[in-house]
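Next comes input-v9.cif, with mmCIF, C-alpha atoms and all ligand atoms.
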data_coords
loop_
_atom_site.group_PDB
_atom_site.id
_atom_site.type_symbol
_atom_site.label_atom_id
_atom_site.label_comp_id
_atom_site.auth_asym_id
_atom_site.auth_seq_id
_atom_site.Cartn_x
_atom_site.Cartn_y
_atom_site.Cartn_z
ATOM 1 C CA MET E 239 121.631 74.372 66.603
ATOM 2 C CA LEU E 240 123.815 74.413 63.456
ATOM 3 C CA GLU E 241 125.863 77.208 65.025
ATOM 4 C CA LYS E 242 129.106 76.398 63.191
ATOM 5 C CA LEU E 243 127.315 76.495 59.840
ATOM 6 C CA LYS E 244 125.597 79.812 60.638
ATOM 7 C CA LYS E 245 128.793 81.461 61.855
ATOM 8 C CA SER E 246 130.668 80.431 58.709
ATOM 9 C CA LEU E 247 127.882 81.703 56.438
ATOM 10 C CA VAL E 248 127.954 85.280 57.713
ATOM 11 C CA GLU E 249 131.695 85.293 57.043
ATOM 12 C CA ALA E 250 131.275 84.210 53.387
ATOM 13 C CA PRO E 251 132.382 86.643 50.651
ATOM 14 C CA VAL E 252 130.015 87.472 47.769
ATOM 15 C CA ILE E 253 131.049 87.684 44.116
ATOM 16 C CA GLN E 254 128.950 88.737 41.143
ATOM 17 C CA LYS E 255 128.253 86.305 38.309
ATOM 18 C CA GLU E 256 126.612 87.289 35.056
ATOM 19 C CA SER E 257 124.125 85.025 33.275
ATOM 20 C CA ASP E 258 121.654 85.937 30.498
ATOM 21 C CA GLY E 259 122.519 89.619 31.025
ATOM 22 C CA LYS E 260 121.551 89.480 34.726
ATOM 23 C CA ILE E 261 123.818 89.859 37.732
ATOM 24 C CA TYR E 262 123.682 87.057 40.310
ATOM 25 C CA ASN E 263 125.118 87.596 43.799
ATOM 26 C CA TYR E 264 127.009 84.381 44.465
ATOM 27 C CA PHE E 265 128.260 83.631 47.989
ATOM 28 C CA VAL E 266 131.487 81.652 48.301
ATOM 29 C CA HIS E 267 131.410 79.212 51.206
ATOM 30 C CA PRO E 268 133.070 75.923 52.232
ATOM 31 C CA ILE E 269 129.829 73.943 51.818
ATOM 32 C CA SER E 270 128.751 75.412 48.462
ATOM 33 C CA ASP E 271 132.203 75.804 46.924
ATOM 34 C CA GLY E 272 134.848 74.042 49.042
ATOM 35 C CA ILE E 273 136.491 77.456 49.566
ATOM 36 C CA PRO E 274 138.569 78.184 51.567
ATOM 37 C CA SER E 275 138.319 74.590 52.933
ATOM 38 C CA ILE E 276 135.738 72.168 54.340
ATOM 39 C CA HIS E 277 136.122 71.395 58.045
ATOM 40 C CA ALA E 278 135.018 68.100 59.575
ATOM 41 C CA ASP E 279 133.072 69.739 62.410
ATOM 42 C CA ILE E 280 130.615 71.425 60.007
ATOM 43 C CA LEU E 281 130.097 68.185 58.049
ATOM 44 C CA ASP E 282 129.539 66.396 61.353
ATOM 45 C CA GLU E 283 126.929 68.963 62.433
ATOM 46 C CA ILE E 284 125.086 68.742 59.095
ATOM 47 C CA SER E 285 125.101 64.947 58.774
ATOM 48 C CA ASP E 286 123.979 64.461 62.394
ATOM 49 C CA PHE E 287 121.085 66.831 61.779
ATOM 50 C CA ILE E 288 119.940 65.045 58.605
ATOM 51 C CA ILE E 289 120.270 61.553 60.091
ATOM 52 C CA ARG E 290 118.404 62.530 63.284
ATOM 53 C CA SER E 291 115.623 64.223 61.294
ATOM 54 C CA GLU E 292 115.224 61.130 59.078
ATOM 55 C CA GLY E 293 115.140 58.556 61.896
ATOM 56 C CA GLY E 294 118.475 57.014 60.913
ATOM 57 C CA LEU E 295 117.378 56.567 57.264
ATOM 58 C CA SER E 296 115.588 53.284 57.905
ATOM 59 C CA GLY E 297 114.080 51.901 54.675
ATOM 60 C CA VAL E 298 116.177 54.231 52.492
ATOM 61 C CA ASP E 299 118.107 52.533 49.641
ATOM 62 C CA ALA E 300 120.334 55.461 48.647
ATOM 63 C CA VAL E 301 121.381 58.979 49.546
ATOM 64 C CA LEU E 302 120.993 60.800 46.229
ATOM 65 C CA THR E 303 122.931 63.949 45.432
ATOM 66 C CA VAL E 304 124.117 66.094 42.512
ATOM 67 C CA GLU E 305 127.792 66.677 41.730
ATOM 68 C CA SER E 306 129.876 68.415 42.732
ATOM 69 C CA MET E 307 129.093 70.101 46.017
ATOM 70 C CA GLY E 308 126.323 67.730 47.079
ATOM 71 C CA ILE E 309 128.968 65.014 47.429
ATOM 72 C CA PRO E 310 130.548 66.220 50.710
ATOM 73 C CA ILE E 311 127.038 66.433 52.191
ATOM 74 C CA ALA E 312 126.058 62.904 51.185
ATOM 75 C CA ILE E 313 129.238 61.028 52.067
ATOM 76 C CA PRO E 314 129.226 61.643 55.863
ATOM 77 C CA VAL E 315 125.579 60.463 55.898
ATOM 78 C CA THR E 316 126.709 57.284 54.137
ATOM 79 C CA MET E 317 129.644 56.845 56.529
ATOM 80 C CA LYS E 318 127.383 57.156 59.569
ATOM 81 C CA THR E 319 124.404 55.078 58.345
ATOM 82 C CA GLY E 320 125.816 52.621 55.811
ATOM 83 C CA VAL E 321 123.234 53.813 53.230
ATOM 84 C CA PRO E 322 125.153 54.213 49.928
ATOM 85 C CA THR E 323 125.492 57.491 48.030
ATOM 86 C CA CYS E 324 124.338 57.757 44.411
ATOM 87 C CA ILE E 325 125.648 60.801 42.498
ATOM 88 C CA VAL E 326 123.871 62.522 39.623
ATOM 89 C CA ARG E 327 126.732 63.400 37.252
ATOM 90 C CA LYS E 328 127.333 66.176 34.745
ATOM 91 C CA ARG E 329 128.966 63.610 32.407
ATOM 92 C CA LYS E 330 127.247 61.153 30.094
ATOM 93 C CA TYR E 331 128.167 57.479 30.505
ATOM 94 C CA GLY E 332 125.719 55.910 28.040
ATOM 95 C CA LEU E 333 125.075 52.927 30.331
ATOM 96 C CA PRO E 334 121.793 51.006 29.922
ATOM 97 C CA GLY E 335 119.045 52.784 31.874
ATOM 98 C CA GLU E 336 120.904 56.120 32.106
ATOM 99 C CA VAL E 337 118.454 59.015 32.441
ATOM 100 C CA GLU E 338 119.305 62.517 31.151
ATOM 101 C CA LEU E 339 117.819 65.679 32.655
ATOM 102 C CA SER E 340 118.264 69.398 32.024
ATOM 103 C CA GLN E 341 119.496 71.525 34.909
ATOM 104 C CA SER E 342 119.007 75.260 35.155
ATOM 105 C CA THR E 343 120.280 77.464 38.013
ATOM 106 C CA GLY E 344 120.382 81.251 38.405
ATOM 107 C CA TYR E 345 123.811 81.316 36.711
ATOM 108 C CA SER E 346 124.154 78.180 34.585
ATOM 109 C CA LYS E 347 122.431 75.619 32.373
ATOM 110 C CA GLY E 348 123.497 72.068 31.563
ATOM 111 C CA GLN E 349 122.666 68.388 31.353
ATOM 112 C CA LEU E 350 122.709 65.916 34.245
ATOM 113 C CA PHE E 351 122.907 62.112 34.011
ATOM 114 C CA LEU E 352 121.380 59.689 36.494
ATOM 115 C CA ASN E 353 122.609 56.097 36.734
ATOM 116 C CA GLY E 354 122.158 53.377 39.329
ATOM 117 C CA LEU E 355 118.522 53.785 40.396
ATOM 118 C CA LYS E 356 115.462 51.764 39.416
ATOM 119 C CA LYS E 357 111.711 51.815 39.854
ATOM 120 C CA GLY E 358 110.710 51.090 43.446
ATOM 121 C CA ASP E 359 113.948 52.412 45.002
ATOM 122 C CA ARG E 360 113.563 54.792 47.953
ATOM 123 C CA VAL E 361 116.010 57.704 48.146
ATOM 124 C CA LEU E 362 116.895 60.589 50.437
ATOM 125 C CA VAL E 363 117.832 63.611 48.309
ATOM 126 C CA VAL E 364 120.520 65.942 49.718
ATOM 127 C CA ASP E 365 122.256 68.966 48.200
ATOM 128 C CA ASP E 366 124.396 71.866 49.362
ATOM 129 C CA VAL E 367 122.307 74.819 48.132
ATOM 130 C CA ILE E 368 118.807 75.518 46.858
ATOM 131 C CA SER E 369 118.360 78.826 45.088
ATOM 132 C CA THR E 370 115.995 78.960 42.075
ATOM 133 C CA GLY E 371 115.088 75.294 42.688
ATOM 134 C CA GLY E 372 115.860 74.510 39.026
ATOM 135 C CA THR E 373 118.220 71.633 39.802
ATOM 136 C CA LEU E 374 115.945 69.917 42.312
ATOM 137 C CA LEU E 375 112.852 70.435 40.197
ATOM 138 C CA ALA E 376 114.469 68.654 37.242
ATOM 139 C CA LEU E 377 115.688 65.848 39.514
ATOM 140 C CA LEU E 378 112.421 65.312 41.426
ATOM 141 C CA ASN E 379 110.370 65.292 38.207
ATOM 142 C CA CYS E 380 112.757 62.730 36.780
ATOM 143 C CA LEU E 381 112.509 60.492 39.894
ATOM 144 C CA ASN E 382 108.733 60.704 39.691
ATOM 145 C CA ARG E 383 108.791 59.563 36.051
ATOM 146 C CA MET E 384 111.140 56.690 36.968
ATOM 147 C CA GLY E 385 108.933 55.469 39.849
ATOM 148 C CA VAL E 386 111.624 56.181 42.473
ATOM 149 C CA THR E 387 110.202 57.139 45.892
ATOM 150 C CA VAL E 388 111.575 60.219 47.664
ATOM 151 C CA ALA E 389 111.848 59.743 51.450
ATOM 152 C CA GLY E 390 112.896 63.357 52.040
ATOM 153 C CA VAL E 391 114.712 66.330 50.527
ATOM 154 C CA TYR E 392 117.400 68.287 52.417
ATOM 155 C CA CYS E 393 119.357 71.360 51.311
ATOM 156 C CA VAL E 394 121.934 72.716 53.699
ATOM 157 C CA ILE E 395 121.673 76.341 52.542
ATOM 158 C CA GLY E 396 118.565 78.029 51.125
ATOM 159 C CA ARG E 397 118.367 81.343 49.329
ATOM 160 C CA GLY E 398 115.414 82.499 47.267
ATOM 161 C CA SER E 399 112.102 80.900 46.456
ATOM 162 C CA GLY E 400 113.252 77.404 45.411
ATOM 163 C CA PRO E 401 111.500 75.484 48.238
ATOM 164 C CA GLU E 402 108.094 77.102 47.518
ATOM 165 C CA ILE E 403 108.444 76.326 43.809
ATOM 166 C CA ILE E 404 109.371 72.704 44.576
ATOM 167 C CA LEU E 405 106.409 72.309 46.943
ATOM 168 C CA LYS E 406 103.987 73.775 44.403
ATOM 169 C CA GLU E 407 105.337 71.831 41.418
ATOM 170 C CA THR E 408 106.121 68.453 43.025
ATOM 171 C CA GLY E 409 104.407 68.349 46.440
ATOM 172 C CA HIS E 410 107.780 67.671 48.135
ATOM 173 C CA LYS E 411 108.794 69.637 51.217
ATOM 174 C CA VAL E 412 112.421 70.738 51.064
ATOM 175 C CA THR E 413 114.011 70.962 54.497
ATOM 176 C CA VAL E 414 116.466 73.869 54.439
ATOM 177 C CA LEU E 415 118.911 73.789 57.346
ATOM 178 C CA VAL E 416 119.817 77.498 57.160
ATOM 179 C CA ASP E 417 118.043 80.169 55.095
ATOM 180 C CA ILE E 418 120.108 83.161 54.010
ATOM 181 C CA ASP E 419 119.763 86.491 52.259
ATOM 182 C CA VAL E 420 122.574 87.422 49.890
ATOM 183 C CA THR E 421 123.328 90.935 48.642
ATOM 184 C CA LYS E 422 126.476 92.351 47.060
ATOM 185 C CA ASP E 423 127.478 93.409 50.600
ATOM 186 C CA GLY E 424 127.341 89.933 52.149
ATOM 187 C CA VAL E 425 125.287 87.148 53.696
ATOM 188 C CA THR E 426 122.741 87.411 56.531
ATOM 189 C CA ILE E 427 120.861 84.597 58.279
ATOM 190 C CA ALA E 428 117.140 84.714 57.458
ATOM 191 C CA GLY E 429 115.908 81.561 59.222
ATOM 192 C CA GLY E 430 116.062 77.804 59.058
ATOM 193 C CA CYS E 431 115.724 74.725 61.253
ATOM 194 C CA GLU E 432 115.769 75.010 65.052
HETATM 195 O O1 LIG P 1 118.418 75.920 43.090
HETATM 196 P P1 LIG P 1 119.359 76.109 41.936
HETATM 197 O O2 LIG P 1 119.254 77.479 41.313
HETATM 198 O O3 LIG P 1 119.207 75.009 40.919
HETATM 199 O O4 LIG P 1 120.854 76.056 42.510
HETATM 200 C C1 LIG P 1 121.324 75.008 43.308
HETATM 201 C C2 LIG P 1 122.327 74.146 42.616
HETATM 202 O O5 LIG P 1 123.453 74.953 42.230
HETATM 203 C C3 LIG P 1 124.637 74.372 42.759
HETATM 204 O O6 LIG P 1 125.188 73.478 41.832
HETATM 205 P P2 LIG P 1 126.049 73.893 40.585
HETATM 206 O O7 LIG P 1 125.309 73.443 39.354
HETATM 207 O O8 LIG P 1 126.484 75.304 40.658
HETATM 208 O O9 LIG P 1 127.286 72.909 40.699
HETATM 209 P P3 LIG P 1 128.392 72.673 41.836
HETATM 210 O O10 LIG P 1 127.727 71.836 42.905
HETATM 211 O O11 LIG P 1 129.425 71.907 41.092
HETATM 212 O O12 LIG P 1 128.837 74.016 42.364
HETATM 213 C C4 LIG P 1 124.168 73.600 43.977
HETATM 214 O O13 LIG P 1 125.054 72.548 44.282
HETATM 215 C C5 LIG P 1 122.817 73.089 43.569
HETATM 216 O O14 LIG P 1 122.890 71.816 42.930
HETATM 217 N N1 LIG P 2 127.485 79.014 45.961
HETATM 218 C C1 LIG P 2 126.372 79.655 45.651
HETATM 219 N N2 LIG P 2 126.284 80.955 45.928
HETATM 220 C C2 LIG P 2 125.182 81.584 45.611
HETATM 221 N N3 LIG P 2 124.122 81.069 45.047
HETATM 222 C C3 LIG P 2 124.177 79.791 44.755
HETATM 223 N N4 LIG P 2 123.280 79.015 44.168
HETATM 224 C C4 LIG P 2 123.816 77.807 44.078
HETATM 225 N N5 LIG P 2 125.047 77.762 44.588
HETATM 226 C C5 LIG P 2 125.296 79.014 45.030
#
Any chance you could put this one into structure tokens?
Ligand SMILES: O=P(O)(O)OC[C@H]1O[C@H](OP(=O)(O)OP(=O)(O)O)[C@H](O)[C@@H]1O
Ligand SMILES: Nc1ncnc2[nH]cnc12
Amino acid sequence: MLEKLKKSLVEAPVIQKESDGKIYNYFVHPISDGIPSIHADILDEISDFIIRSEGGLSGVDAVLTVESMGIPIAIPVTMKTGVPTCIVRKRKYGLPGEVELSQSTGYSKGQLFLNGLKKGDRVLVVDDVISTGGTLLALLNCLNRMGVTVAGVYCVIGRGSGPEIILKETGHKVTVLVDIDVTKDGVTIAGGCE
């Protein structure tokens, strides 16, 4: 299962990013970065897995993702199910009802802006990577405050302790399709969905 994704991950190069005086080993992969290019067969594998695991997304109002690299994960799910994609943006629009949240990852900090959801909506959250869990934690806390129901949370690639932090802080289980370890020497597969 997910063989194309796993094979591509072990081939991913690793670069070093510096943030707050700490070095962060950052893997560069089609799904997390769009580099060197995103192939349809991997998107097909990922979207089929998510849709099958979520029973076709019945009763879900929106697939919710964070720009930029969550977008190629969400769109094939929308194409196959008809459930629309809603994108949390890094740009402020100032529309009525816009909600602002603070994102923090292992290598960046910034603001995110959520438009287009209302109390009582039911969403499936998808993203490309979970690492520290900072992005998802901010988003899930925000959805909770808004009264938006979360049907499920999927991250294609997991590295680090993000899912445990999310479970402890929000009670949501994050389904990680493939878990990896990243060192300066490269990526290895550590586990994931069967
Ligand atoms: O678990 P975390 O430590 O929060 O890291 C995961 C987040 O980092 C990446 O987004 P990034 O903000 O780098 O933007 P991008 O999608 O545009 O690359 C990724 O798409 C996740 O949203
Ligand atoms: N592309 C990426 N590589 C390594 N860690 C990440 N965390 C979030 N995105 C990442």
Leaving out Val248 in chain E and any residue of its chain fewer than 5 positions from it, which residues lie within 9 Å of it when counting only C-alpha atoms, given as an mmCIF file with C-alpha atoms, keeping the file's coordinate frame?
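result31.cif, freshly written:
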data_model
loop_
_atom_site.group_PDB
_atom_site.id
_atom_site.type_symbol
_atom_site.label_atom_id
_atom_site.label_comp_id
_atom_site.auth_asym_id
_atom_site.auth_seq_id
_atom_site.Cartn_x
_atom_site.Cartn_y
_atom_site.Cartn_z
ATOM 1 C CA ILE E 418 120.108 83.161 54.010
ATOM 2 C CA GLY E 424 127.341 89.933 52.149
ATOM 3 C CA VAL E 425 125.287 87.148 53.696
ATOM 4 C CA THR E 426 122.741 87.411 56.531
ATOM 5 C CA ILE E 427 120.861 84.597 58.279
#
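Once only C-alpha atoms are considered, the residues situated within 7 Å of the file point (131.6, 65.9, 57.4) turn out to be Ala278, Asp279, Ile280, Leu281, Asp282, Ser285, Pro310, Ile311 and Pro314 of chain E.
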*Kindly indicate which residue among E:Leu295, E:Leu302, E:Leu240, E:Ile273 lies nearest to Cys324 in chain E, using all atoms listed in the file for the distances.*
E:Leu302
_Please expand the PyMOL selection byres (((chain E and resi 395) around 10) and not hetatm) into the concrete residues it hits in this file, giving the result as a PyMOL selection string._
chain E and resi 243-244+247+269-270+365-369+392-394+396-397+413-418+430
*Pick from E:Met239, E:Ile325, E:Leu375, E:Val266: nearest to Ile284 in chain E, with all atoms listed in the file counted?*
E:Met239
*Please measure the separation of CA of Leu377 in chain E and CA of Glu338 in chain E, giving the value in Å to one decimal.*
9.7 Å
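Each residue with an atom within 7 Å of any atom of ligand LIG 1 (chain P) appears in the list, which was built counting all atoms listed in the file: E:Ser270, E:Asp271, E:Val304, E:Glu305, E:Ser306, E:Met307, E:Gly308, E:Gln341, E:Ser342, E:Thr343, E:Gly344, E:Ser346, E:Asp365, E:Asp366, E:Val367, E:Ile368, E:Ser369, E:Thr370, E:Gly371, E:Gly372, E:Thr373, E:Leu374, E:Gly400.
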Set up a box along x, y and z of the file covering all listed atoms of range 387-406 of chain E, add 4 Å on every one of the six sides, and write the centre and edge lengths in Å to one decimal, as JSON.
{"center_x": 113.0, "center_y": 69.8, "center_z": 48.8, "size_x": 25.9, "size_y": 33.4, "size_z": 17.9}
*E:Leu381, E:Val252, E:Ala428, E:Leu352: which is nearest ligand LIG 2 (chain P), counting only C-alpha atoms and all ligand atoms?*
E:Val252
*For atom N1 of ligand LIG 2 (chain P) and CA of Tyr262 in chain E, the interatomic separation in Å (one decimal)*: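 Taking atom N1 of ligand LIG 2 (chain P) and CA of Tyr262 in chain E, their separation equals 10.5 Å.
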*So which one's closest to ligand LIG 2 (chain P), E:Thr421, E:Ser340, E:Asn263, E:Ser275? Using all atoms listed in the file, please.*
E:Asn263
*Among listed residues E:Leu405, E:Val420, E:Cys431, E:Val298, nearest ligand LIG 2 (chain P) (using only C-alpha atoms and all ligand atoms)*: E:Val420
*the PyMOL selection byres (((chain E and resi 327) around 6) and not hetatm) applied to the shown file, residues as a list in words*: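 Here the PyMOL selection byres (((chain E and resi 327) around 6) and not hetatm) matches Glu305, Ile325, Val326, Lys328, Arg329, Leu350 and Phe351 of chain E.
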With C-alpha atoms retained, write the just-selected residues as a PDB file, in the frame of the given file.
ATOM      1  CA  GLU E 305     127.792  66.677  41.730  1.00  0.00           C
ATOM      2  CA  ILE E 325     125.648  60.801  42.498  1.00  0.00           C
ATOM      3  CA  VAL E 326     123.871  62.522  39.623  1.00  0.00           C
ATOM      4  CA  LYS E 328     127.333  66.176  34.745  1.00  0.00           C
ATOM      5  CA  ARG E 329     128.966  63.610  32.407  1.00  0.00           C
ATOM      6  CA  LEU E 350     122.709  65.916  34.245  1.00  0.00           C
ATOM      7  CA  PHE E 351     122.907  62.112  34.011  1.00  0.00           C
TER       8      PHE E 351
END
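Near range 355-360 of chain E, within 8 Å and counting all atoms listed in the file, sit Gly297, Val298, Asp299, Ala300, Leu352, Met384, Gly385, Val386, Thr387, Val388 and Ala389 of chain E, not including residues fewer than 3 positions from it in the same chain.
Counting only C-alpha atoms and all ligand atoms, the residue from E:Gly409, E:Gly398, E:Gly390, E:Pro334 that sits nearest to ligand LIG 2 (chain P) is E:Gly398.
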